[in-house]
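S.K.: This is structure_5.txt (compact mmCIF, C-alpha atoms and all ligand atoms).
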# COMPACT_ATOMS: atom_id res chain seq x y z
CA MET A 6 75.62 106.76 3.68
CA SER A 7 78.49 109.20 4.17
CA ARG A 8 77.82 111.36 1.08
CA PRO A 9 78.21 115.03 2.09
CA LEU A 10 75.26 117.35 1.62
CA LEU A 11 76.25 120.17 -0.74
CA THR A 12 74.09 122.70 1.09
CA ALA A 13 75.86 121.94 4.39
CA ARG A 14 79.26 122.17 2.72
CA ILE A 15 78.65 125.55 1.10
CA ALA A 16 77.28 126.95 4.38
CA THR A 17 80.50 125.88 6.14
CA LEU A 18 82.67 127.35 3.41
CA ARG A 19 80.76 130.63 3.51
CA GLN A 20 81.16 130.86 7.26
CA GLN A 21 84.89 130.30 6.82
CA ARG A 22 85.05 133.18 4.33
CA ILE A 23 83.18 135.39 6.79
CA ASP A 24 85.50 134.41 9.67
CA GLN A 25 88.56 135.09 7.52
CA GLN A 26 87.07 138.39 6.30
CA ARG A 27 87.27 137.16 2.70
CA LEU A 28 83.61 137.41 1.80
CA ARG A 29 83.18 139.06 -1.61
CA VAL A 30 80.17 141.29 -2.15
CA ARG A 31 78.74 142.96 -5.24
CA ARG A 32 78.15 146.69 -5.41
CA THR A 33 75.44 147.83 -7.81
CA VAL A 34 76.16 150.70 -10.19
CA LEU A 35 72.95 152.73 -10.49
CA ARG A 36 74.19 155.20 -13.09
CA ARG A 37 77.36 156.54 -14.67
CA ASP A 38 78.39 160.06 -15.48
CA GLY A 39 81.80 160.09 -17.13
CA MET A 40 84.34 158.86 -14.59
CA ARG A 41 81.79 159.06 -11.78
CA CYS A 42 79.25 156.43 -10.90
CA GLU A 43 76.51 156.15 -8.32
CA VAL A 44 76.96 152.92 -6.40
CA GLN A 45 74.70 151.06 -4.01
CA ALA A 46 76.25 148.86 -1.35
CA GLY A 47 74.92 145.31 -0.81
CA ASP A 48 71.21 144.60 -1.29
CA GLY A 49 69.44 147.92 -1.23
CA GLY A 50 72.10 149.60 0.96
CA ALA A 51 73.18 153.22 0.98
CA THR A 52 74.11 154.91 -2.29
CA ARG A 53 77.05 157.21 -2.98
CA TRP A 54 78.90 158.77 -5.91
CA LEU A 55 82.42 157.42 -6.51
CA LEU A 56 85.18 157.95 -9.04
CA ASP A 57 85.66 154.79 -11.10
CA PHE A 58 89.30 153.68 -11.20
CA CYS A 59 88.59 149.98 -11.68
CA GLY A 60 86.71 149.69 -14.98
CA ASN A 61 88.47 148.54 -18.16
CA ASP A 62 86.93 151.09 -20.54
CA TYR A 63 90.41 152.54 -21.07
CA LEU A 64 89.59 154.65 -24.13
CA GLY A 65 86.12 155.76 -23.10
CA LEU A 66 84.60 153.90 -26.07
CA ALA A 67 81.85 152.06 -24.16
CA ARG A 68 79.63 155.14 -24.29
CA HIS A 69 81.02 156.76 -27.42
CA TYR A 70 78.16 157.87 -29.67
CA THR A 71 79.59 156.15 -32.79
CA VAL A 72 79.79 152.84 -30.90
CA SER A 73 76.36 152.95 -29.29
CA GLY A 74 74.94 154.29 -32.58
CA ALA A 75 76.32 151.26 -34.48
CA LEU A 76 74.85 148.97 -31.82
CA GLN A 77 71.42 150.54 -32.16
CA ASP A 78 71.48 150.49 -35.99
CA GLU A 79 72.41 146.80 -36.18
CA ALA A 80 69.96 145.87 -33.41
CA ALA A 81 67.22 147.61 -35.40
CA ARG A 82 68.11 145.43 -38.41
CA SER A 83 68.98 142.06 -36.86
CA GLY A 84 67.50 142.16 -33.37
CA ALA A 85 68.96 141.63 -29.93
CA GLY A 86 70.11 138.03 -30.03
CA GLY A 87 72.69 135.80 -31.69
CA VAL A 88 69.94 133.32 -32.70
CA ALA A 89 72.14 130.18 -32.92
CA SER A 90 75.72 128.99 -32.69
CA HIS A 91 78.11 129.86 -35.53
CA LEU A 92 78.16 126.38 -37.05
CA VAL A 93 74.36 126.16 -37.11
CA CYS A 94 72.93 129.41 -38.49
CA GLY A 95 74.24 132.12 -36.14
CA HIS A 96 77.24 133.21 -38.24
CA HIS A 97 76.31 136.71 -39.42
CA ALA A 98 77.80 139.21 -41.89
CA ALA A 99 78.48 141.57 -38.95
CA HIS A 100 80.71 138.87 -37.39
CA VAL A 101 82.62 138.44 -40.65
CA ALA A 102 83.07 142.20 -41.04
CA LEU A 103 84.53 142.46 -37.53
CA GLU A 104 86.87 139.48 -38.05
CA LEU A 105 88.20 140.99 -41.28
CA ALA A 106 88.64 144.43 -39.72
CA VAL A 107 90.51 143.11 -36.67
CA ALA A 108 92.76 140.86 -38.79
CA ASP A 109 93.57 143.87 -40.96
CA TRP A 110 94.20 146.10 -37.92
CA LEU A 111 96.50 143.61 -36.25
CA GLN A 112 98.20 142.60 -39.52
CA ALA A 113 97.31 138.95 -38.95
CA PRO A 114 96.18 136.43 -41.58
CA ALA A 115 92.93 135.46 -39.81
CA ALA A 116 90.66 136.19 -36.86
CA LEU A 117 87.86 134.30 -35.11
CA LEU A 118 85.18 136.00 -33.02
CA LEU A 119 84.17 134.29 -29.77
CA GLY A 120 81.72 135.04 -26.98
CA SER A 121 84.22 136.45 -24.46
CA GLY A 122 87.89 136.50 -23.57
CA TYR A 123 87.27 133.79 -21.00
CA LEU A 124 85.72 131.51 -23.62
CA ALA A 125 88.45 132.35 -26.14
CA ASN A 126 91.23 131.31 -23.75
CA LEU A 127 89.39 128.07 -22.98
CA ALA A 128 88.96 127.53 -26.73
CA VAL A 129 92.61 128.03 -27.66
CA VAL A 130 94.08 125.71 -25.05
CA GLN A 131 91.35 123.07 -25.33
CA ALA A 132 91.45 122.93 -29.14
CA LEU A 133 95.23 122.82 -29.46
CA LEU A 134 96.30 120.60 -26.57
CA GLY A 135 95.30 117.31 -25.01
CA GLU A 136 96.59 114.54 -22.83
CA GLY A 137 100.39 114.19 -23.12
CA ASP A 138 100.84 117.83 -24.14
CA VAL A 139 102.05 120.70 -22.01
CA CYS A 140 100.88 124.27 -21.46
CA VAL A 141 103.60 126.46 -19.95
CA GLN A 142 102.30 129.64 -18.35
CA ASP A 143 103.42 132.68 -16.38
CA ARG A 144 102.17 132.20 -12.81
CA LEU A 145 100.30 135.51 -12.91
CA ASN A 146 98.37 134.68 -16.09
CA HIS A 147 94.63 135.29 -16.14
CA ALA A 148 92.48 132.56 -14.57
CA SER A 149 90.92 131.69 -17.94
CA LEU A 150 94.27 130.46 -19.27
CA ILE A 151 94.70 128.21 -16.25
CA ASP A 152 91.14 126.92 -16.68
CA GLY A 153 91.85 126.30 -20.39
CA ALA A 154 94.67 123.93 -19.48
CA ARG A 155 92.34 122.10 -17.08
CA LEU A 156 89.73 121.72 -19.81
CA ALA A 157 92.33 120.50 -22.30
CA GLY A 158 93.54 117.76 -19.94
CA CYS A 159 97.16 118.65 -20.71
CA ALA A 160 99.94 119.16 -18.16
CA LEU A 161 100.06 122.69 -16.75
CA ARG A 162 103.51 123.98 -15.81
CA ARG A 163 103.87 127.50 -14.43
CA TYR A 164 106.99 129.63 -14.23
CA PRO A 165 107.80 132.59 -11.97
CA HIS A 166 106.29 135.86 -13.11
CA ALA A 167 107.97 137.43 -16.18
CA ASP A 168 110.84 134.94 -16.01
CA PRO A 169 111.83 133.67 -19.48
CA GLU A 170 114.48 131.39 -17.95
CA GLY A 171 111.72 129.79 -15.90
CA ALA A 172 109.66 129.28 -19.07
CA LEU A 173 112.64 127.65 -20.74
CA ARG A 174 113.19 125.33 -17.76
CA GLN A 175 109.55 124.24 -17.82
CA LEU A 176 109.61 123.56 -21.57
CA ARG A 177 112.84 121.61 -21.30
CA ALA A 178 111.34 119.52 -18.52
CA ALA A 179 108.51 118.38 -20.82
CA PRO A 180 110.17 117.61 -24.17
CA GLU A 181 107.74 114.99 -25.44
CA GLY A 182 104.29 116.43 -26.04
CA ALA A 183 103.21 119.40 -28.15
CA ALA A 184 103.66 122.67 -26.23
CA LEU A 185 101.88 125.99 -25.91
CA LEU A 186 103.71 128.85 -24.18
CA ALA A 187 101.03 131.25 -22.94
CA SER A 188 101.38 134.63 -21.27
CA ASP A 189 99.37 137.77 -20.69
CA GLY A 190 100.90 140.61 -22.75
CA VAL A 191 100.05 143.23 -20.13
CA PHE A 192 99.34 141.68 -16.73
CA SER A 193 95.91 142.63 -15.48
CA MET A 194 96.70 143.34 -11.83
CA ASP A 195 100.30 144.54 -11.93
CA GLY A 196 100.16 146.38 -15.25
CA ASP A 197 103.64 145.24 -16.32
CA ILE A 198 104.47 143.85 -19.75
CA ALA A 199 105.67 140.30 -20.43
CA PRO A 200 109.24 139.80 -21.76
CA LEU A 201 107.80 139.06 -25.18
CA ARG A 202 110.94 139.01 -27.30
CA ALA A 203 112.64 136.54 -24.95
CA LEU A 204 109.52 134.37 -24.84
CA ALA A 205 109.38 134.36 -28.64
CA LEU A 206 113.00 133.17 -28.86
CA ILE A 207 112.39 130.43 -26.30
CA ALA A 208 109.20 129.27 -28.01
CA ARG A 209 111.03 129.00 -31.30
CA ALA A 210 113.98 127.12 -29.82
CA GLN A 211 111.64 124.71 -27.99
CA ARG A 212 109.17 124.24 -30.90
CA ALA A 213 106.38 125.62 -28.74
CA THR A 214 103.53 127.78 -30.03
CA LEU A 215 103.50 131.20 -28.38
CA TYR A 216 100.07 132.54 -27.39
CA ILE A 217 99.76 136.07 -25.99
CA ASP A 218 96.66 137.35 -24.22
CA GLU A 219 96.35 141.00 -25.29
CA ALA A 220 93.25 141.74 -23.18
CA HIS A 221 94.83 144.77 -21.52
CA ALA A 222 97.13 145.78 -24.38
CA THR A 223 94.82 146.01 -27.39
CA GLY A 224 93.95 149.62 -28.18
CA VAL A 225 96.48 150.79 -25.61
CA LEU A 226 100.01 149.79 -26.64
CA GLY A 227 101.84 149.85 -29.97
CA GLU A 228 101.34 151.66 -33.21
CA GLU A 229 97.63 152.14 -33.96
CA GLY A 230 96.94 150.47 -30.61
CA ARG A 231 97.88 147.04 -32.00
CA GLY A 232 99.01 145.76 -28.62
CA SER A 233 102.08 144.55 -26.78
CA VAL A 234 103.16 142.07 -29.47
CA ALA A 235 103.28 144.81 -32.09
CA ALA A 236 104.96 147.17 -29.60
CA ALA A 237 107.69 144.54 -29.13
CA GLY A 238 108.25 144.47 -32.90
CA LEU A 239 106.92 140.90 -33.23
CA ASP A 240 104.54 139.56 -35.87
CA HIS A 241 102.38 136.47 -36.34
CA GLY A 242 105.46 134.48 -37.35
CA ALA A 243 106.82 134.84 -33.82
CA VAL A 244 103.44 134.92 -32.06
CA PRO A 245 101.11 132.66 -34.07
CA LEU A 246 98.07 133.36 -31.85
CA ARG A 247 96.90 136.40 -29.87
CA LEU A 248 93.78 137.12 -27.87
CA VAL A 249 91.99 140.42 -28.36
CA THR A 250 89.16 141.18 -25.97
CA LEU A 251 86.35 143.54 -26.90
CA GLY A 252 85.16 144.25 -23.35
CA LYS A 253 88.08 146.41 -22.25
CA ALA A 254 89.65 149.23 -24.30
CA LEU A 255 87.17 148.59 -27.12
CA GLY A 256 84.24 149.16 -24.79
CA GLY A 257 82.00 146.27 -25.90
CA TYR A 258 81.75 142.55 -25.27
CA GLY A 259 83.30 139.47 -26.86
CA ALA A 260 86.80 138.53 -28.02
CA LEU A 261 88.80 137.47 -31.05
CA VAL A 262 91.67 135.06 -31.50
CA VAL A 263 93.91 136.34 -34.30
CA GLY A 264 96.84 134.68 -35.98
CA GLU A 265 97.92 131.99 -38.41
CA ALA A 266 95.07 130.94 -40.68
CA ASP A 267 95.40 127.18 -40.17
CA LEU A 268 95.38 127.54 -36.38
CA VAL A 269 92.38 129.87 -36.46
CA ARG A 270 90.50 127.52 -38.79
CA HIS A 271 91.25 124.62 -36.45
CA LEU A 272 89.64 126.58 -33.60
CA ALA A 273 86.55 127.35 -35.69
CA GLU A 274 86.17 123.68 -36.56
CA THR A 275 86.99 122.05 -33.21
CA ALA A 276 86.98 124.39 -30.18
CA ARG A 277 84.13 123.42 -27.86
CA PRO A 278 83.77 126.92 -26.34
CA TYR A 279 83.24 128.21 -29.92
CA ILE A 280 80.97 125.47 -31.22
CA TYR A 281 78.64 124.81 -28.30
CA THR A 282 77.43 128.30 -27.54
CA THR A 283 75.21 130.93 -29.10
CA ALA A 284 76.96 133.41 -31.41
CA LEU A 285 77.56 136.93 -30.13
CA PRO A 286 74.60 139.18 -31.08
CA PRO A 287 75.45 140.84 -34.44
CA ALA A 288 74.64 144.25 -32.90
CA LEU A 289 77.54 143.80 -30.46
CA ALA A 290 79.84 142.88 -33.35
CA ALA A 291 78.76 146.03 -35.20
CA ALA A 292 79.45 148.13 -32.09
CA SER A 293 82.94 146.63 -31.81
CA LEU A 294 83.62 147.28 -35.48
CA ALA A 295 82.83 150.96 -34.88
CA ALA A 296 85.07 150.91 -31.78
CA VAL A 297 87.98 149.41 -33.72
CA GLN A 298 87.63 152.04 -36.43
CA ARG A 299 87.43 154.78 -33.81
CA ALA A 300 90.47 153.48 -31.85
CA ARG A 301 92.56 153.35 -35.03
CA ARG A 302 91.45 156.80 -36.15
CA ASP A 303 92.08 158.37 -32.73
CA GLU A 304 95.55 156.92 -32.52
CA LEU A 305 96.44 158.10 -36.03
CA ALA A 306 95.08 161.55 -35.17
CA ALA A 307 97.16 161.60 -31.97
CA ARG A 308 100.28 160.77 -33.95
CA ALA A 309 99.49 163.37 -36.60
CA ALA A 310 99.20 165.89 -33.78
CA GLY A 311 102.79 165.21 -32.77
CA GLY A 312 102.66 161.96 -30.79
CA THR A 313 105.28 159.30 -31.32
CA GLY A 314 103.00 156.45 -32.28
CA GLY A 315 103.95 154.68 -29.10
CA PRO A 316 101.55 153.73 -26.32
CA LEU A 317 98.33 155.65 -26.12
CA PRO A 318 98.38 158.07 -23.19
CA ARG A 319 97.88 156.05 -20.05
CA ARG A 320 99.36 156.94 -16.76
CA ARG A 321 99.81 153.89 -14.65
CA ALA A 322 102.90 154.98 -12.77
CA PRO A 323 101.28 157.18 -10.10
CA ALA A 324 98.66 154.57 -9.29
CA ARG A 325 101.31 151.86 -9.25
CA ALA A 326 103.55 153.83 -6.90
CA ALA A 327 100.69 154.56 -4.53
CA ALA A 328 99.46 150.98 -4.67
CA ALA A 329 102.93 149.62 -3.99
CA ARG A 330 102.87 151.40 -0.65
CA LEU A 331 99.83 149.30 0.26
CA ARG A 332 101.38 145.86 -0.24
CA HIS A 333 100.54 143.72 2.71
CA PRO A 334 101.51 140.15 3.63
CA ASP A 335 98.06 139.28 5.02
CA PRO A 336 95.25 138.47 2.52
CA ALA A 337 92.45 139.33 4.94
CA ALA A 338 94.12 142.67 5.54
CA ALA A 339 94.29 143.13 1.77
CA LEU A 340 90.52 142.68 1.56
CA ARG A 341 89.94 145.07 4.48
CA ARG A 342 92.25 147.51 2.71
CA ARG A 343 90.13 147.38 -0.45
CA ARG A 344 86.96 147.92 1.54
CA ALA A 345 88.52 150.86 3.30
CA ARG A 346 89.69 152.23 -0.04
CA ALA A 347 86.21 151.94 -1.53
CA GLY A 348 84.93 153.82 1.48
CA ALA A 349 87.73 156.33 1.50
CA GLY A 350 86.03 158.96 -0.58
CA ALA A 351 83.42 160.26 1.80
CA GLY A 352 85.19 163.60 1.92
CA ALA A 353 84.07 166.86 0.43
CA GLY A 354 81.61 166.47 -2.44
CA GLY A 355 81.14 162.76 -1.74
CA ALA A 356 83.42 161.85 -4.64
CA GLY A 357 85.84 159.11 -3.67
CA PRO A 358 87.55 156.39 -5.69
CA LEU A 359 85.96 153.03 -6.48
CA GLY A 360 88.94 150.70 -6.07
CA ARG A 361 89.66 147.69 -8.20
CA ARG A 362 89.37 144.32 -6.54
CA ASP A 363 92.46 142.20 -6.10
CA PRO A 364 91.63 138.56 -6.95
CA SER A 365 94.96 137.36 -5.60
CA ALA A 366 93.88 138.34 -2.09
CA ASN A 367 92.25 134.93 -1.90
CA ARG A 368 95.56 133.22 -2.44
CA ALA A 369 97.04 132.69 0.98
CA GLY A 370 100.10 134.81 1.52
CA ARG A 371 100.24 136.28 -1.96
CA PRO A 372 98.17 139.43 -2.10
CA ARG A 373 99.17 142.05 -4.63
CA ALA A 374 98.02 145.61 -4.82
CA PRO A 375 96.05 146.59 -7.94
CA ALA A 376 98.12 148.80 -10.16
CA TYR A 377 96.37 149.09 -13.48
CA HIS A 378 93.79 151.78 -13.77
CA PRO A 379 91.91 153.32 -16.68
CA VAL A 380 93.19 156.80 -16.05
CA GLY A 381 94.35 157.79 -19.53
CA ARG A 382 91.79 160.56 -19.91
CA THR A 383 91.44 161.41 -16.29
CA HIS A 384 91.79 164.90 -15.02
CA GLU A 385 94.70 165.52 -12.66
CA ALA A 386 92.31 166.41 -9.85
CA GLN A 387 90.68 162.99 -10.04
CA LEU A 388 94.07 161.32 -9.89
CA ARG A 389 94.92 163.39 -6.87
CA THR A 390 91.69 162.24 -5.20
CA LEU A 391 92.77 158.64 -5.76
CA LEU A 392 96.29 159.17 -4.51
CA ASP A 393 95.08 161.06 -1.42
CA ALA A 394 92.60 158.30 -0.63
CA LEU A 395 95.28 155.60 -1.04
CA ALA A 396 97.60 157.59 1.23
CA ARG A 397 94.86 157.90 3.88
CA VAL A 398 94.17 154.17 3.78
CA HIS A 399 97.89 153.49 4.02
CA ASP A 400 98.19 155.75 7.04
CA ARG A 401 95.19 154.14 8.67
CA LEU A 402 96.43 150.59 8.10
CA ALA A 403 99.88 151.53 9.30
CA GLY A 404 98.27 152.77 12.50
CA ALA A 405 99.49 156.29 11.90
CA THR A 406 97.55 159.21 13.32
CA ALA A 407 94.95 160.29 10.77
CA ARG A 408 95.71 163.61 9.17
CA PRO A 409 93.56 166.44 10.49
CA GLY A 410 90.45 167.00 8.37
CA THR A 411 90.46 163.59 6.67
CA ASP A 412 87.40 161.40 6.86
CA ILE A 413 87.89 157.74 6.09
C1 LIG A 501 94.20 139.04 -19.09
C2 LIG A 501 92.76 138.71 -19.30
N1 LIG A 501 92.42 137.74 -20.16
C3 LIG A 501 91.15 137.39 -20.39
C4 LIG A 501 90.13 138.02 -19.73
C5 LIG A 501 88.70 137.59 -19.98
O1 LIG A 501 88.11 138.47 -20.89
P1 LIG A 501 86.52 138.65 -20.90
O2 LIG A 501 86.20 139.63 -19.82
O3 LIG A 501 86.23 139.17 -22.28
O4 LIG A 501 85.91 137.31 -20.65
C6 LIG A 501 90.40 139.05 -18.84
C7 LIG A 501 89.29 139.74 -18.16
O5 LIG A 501 89.30 140.17 -17.07
C8 LIG A 501 91.74 139.41 -18.60
O6 LIG A 501 92.07 140.36 -17.74
Using the file provided, produce a representation of the structure as structure tokens.
M.R.:
Amino acid sequence: MSRPLLTARIATLRQQRIDQQRLRVRRTVLRRDGMRCEVQAGDGGATRWLLDFCGNDYLGLARHYTVSGALQDEAARSGAGGVASHLVCGHHAAHVALELAVADWLQAPAALLLGSGYLANLAVVQALLGEGDVCVQDRLNHASLIDGARLAGCALRRYPHADPEGALRQLRAAPEGAALLASDGVFSMDGDIAPLRALALIARAQRATLYIDEAHATGVLGEEGRGSVAAAGLDHGAVPLRLVTLGKALGGYGALVVGEADLVRHLAETARPYIYTTALPPALAAASLAAVQRARRDELAARAAGGTGGPLPRRRAPARAAAARLRHPDPAAALRRRRARAGAGAGAGGAGPLGRRDPSANRAGRPRAPAYHPVGRTHEAQLRTLLDALARVHDRLAGATARPGTDI
């Protein structure tokens, strides 16, 4: 028999990753203290304090006392678990309260709470499309949107990043089946914003449904933090479905799909990633409700204090500029670069930056530098630490003589 042994295959593949210096390792966070965290390398390796520039807790809500207080209160009442799936007996009043609050916040007719953003993206594409249909996507969309198209069994057609003309070409090339045009609102690794108004026009002209993943835009962009769709002046008429994740700016876990009521109801009744999984624990829903209320209140307060009501204060530009200097055509070098960056903070005080991983480094020839960092409330000095560390890594990779006194 010629059937390959899986154990032999995975050993070969692992060795290849080692040889190509693409092996991914987990670092364990032992404790957090504001922007700093104590991190242990590998299994039981050395520990060190680093500045965290790669988490998604953009508004600092994950440890806000109102959010953790709501979690504790609801856990005391309803326990730790979700008990069952929504269509059995897991649908809880705390879920309903969160769905209503998010629909109200985002000025959408309906919202559906799901276990995570990954599951929600699978759910949307799987429930809406099937064989003979087409899902047209930006080529830098999150992996969950790509996986959703695979699960749906539809055709997946990708267009060049942020290129509405490309989207139009792909839709025109598949005129027969039903079509979903899907894009991240804010792209997770580059931090740029999709050309939403152009995509909305194209979707309308091509009778496609526009779906925008607001994972990195909710709570951050637009009036009251409503996201990139709201910031572009679009509503649910133009963008019938949006994804809101709870694990990023809102500091919790889970996700909601918001939009037109009939589409949302269809998901609740048919989406496999919604039906065949345990409901989110009600305590997590209660925590996210508190986070939503807090995010709205903070943004209103910022505007009352003289802000413009535009994006919440995030400063991506310095990180983006520094990261752009590190672009490299070799994926293995990109991985080495990240390792060096994570180790770049061994200078005075032991406080260095914990760099964000770059998933595209695994794609041969197409590494991109991470450019989206949760630095909105970061002190200037911490930003300087990051920029200095990036500059040192850049110098080292470029083979330049290390600056006197640096230790990387
Ligand atoms: C753009 C985007 N969409 C979806 C997800 C998945 O969200 P979750 O972490 O809630 O599964 C992520 C998470 O990294 C993301 O960056």
S.K.: Within 6 Å of stretch 123-132 of chain A, counting all atoms listed in the file, which residues qualify if same-chain residues fewer than 3 places away don't, as a VMD selection string?
M.R.: chain A and resid 119 149 to 150 153 to 154 156 to 157 276 278
S.K.: So that I can see what lies close to stretch 295-302 of chain A, please list as JSON, numbers by chain the residues with an atom at most 8 Å from it, counting all atoms listed in the file and leaving out residues fewer than 5 positions away in the same chain.
M.R.: {"A": [64, 66, 71, 72, 75, 106, 107, 110, 224, 229, 230, 255, 256]}
S.K.: In terms of the shortest atom-to-atom distance over all atoms listed in the file, which of A:Arg397, A:Arg29, A:His221, A:Arg389 is closest to ligand LIG 501 (chain A)?
M.R.: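 Among the listed residues, A:His221 lies closest to ligand LIG 501 (chain A).
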S.K.: Which residue is closest to A:Leu111? Choose from A:Gly50, A:Gly404, A:Gly232, A:Pro245 and count all atoms listed in the file.
M.R.: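 Smallest separation from A:Leu111 among the options: A:Gly232.
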S.K.: For A:Ala222, which residue out of A:Ala160, A:Cys94, A:Ala85, A:Val249 is the nearest one, using only C-alpha atoms?
M.R.: A:Val249
S.K.: At a cut-off of 6 Å around ligand LIG 501 (chain A), and using only C-alpha atoms and all ligand atoms, what residues come up? Please write them as an NGL selection string.
M.R.: :A and (121-123 or 147 or 189 or 193 or 218 or 220 or 250 or 252 or 259-260)
S.K.: Mind giving me the straight-line distance from atom CA of A:Leu272 to atom CA of A:Leu173 in Å, one decimal?
M.R.: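 Between atom CA of A:Leu272 and atom CA of A:Leu173 the gap works out to 26.4 Å.
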S.K.: At a cut-off of 12 Å, using all atoms listed in the file, what residues contact A:Leu105? Leave out same-chain residues fewer than 2 positions from it and give the result as a VMD selection string.
M.R.: chain A and resid 98 to 103 107 to 118 261 to 264 290 294 297
S.K.: Given the choices A:Ser90, A:Gln21, A:Thr52, A:Asn61, which gets closest to A:Leu285 if the distance is worked out from only C-alpha atoms?
M.R.: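 Comparing A:Ser90, A:Gln21, A:Thr52, A:Asn61 against A:Leu285, the winner is A:Ser90.
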S.K.: What is the distance between atom CA of A:Leu289 and atom CA of A:Arg37, in Å to one decimal?
M.R.: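 One can read the atom CA of A:Leu289 to atom CA of A:Arg37 distance as 20.3 Å.
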S.K.: Between atom CA of A:Val139 and atom CA of A:Arg162, what is the distance in Å, rounded to a tenth?
M.R.: 7.2 Å
S.K.: Between A:Tyr258, A:Tyr63, A:Tyr164, A:Tyr216, single out the one closest to A:Ser293, counting all atoms listed in the file.
M.R.: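 Once distances to A:Ser293 are computed over all atoms listed in the file, the minimum belongs to A:Tyr258.
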S.K.: Please provide the set of residues having any atom within 7 Å of A:Glu136, restricted to all atoms listed in the file, with same-chain residues fewer than 2 positions apart removed, written as a list in words.
M.R.: Asp138, Gly158 and Cys159 of chain A
S.K.: Which of these residues is nearest to A:Leu55, using all atoms listed in the file: A:Cys42, A:Ala288, A:Ala403, A:Leu392?
M.R.: A:Cys42
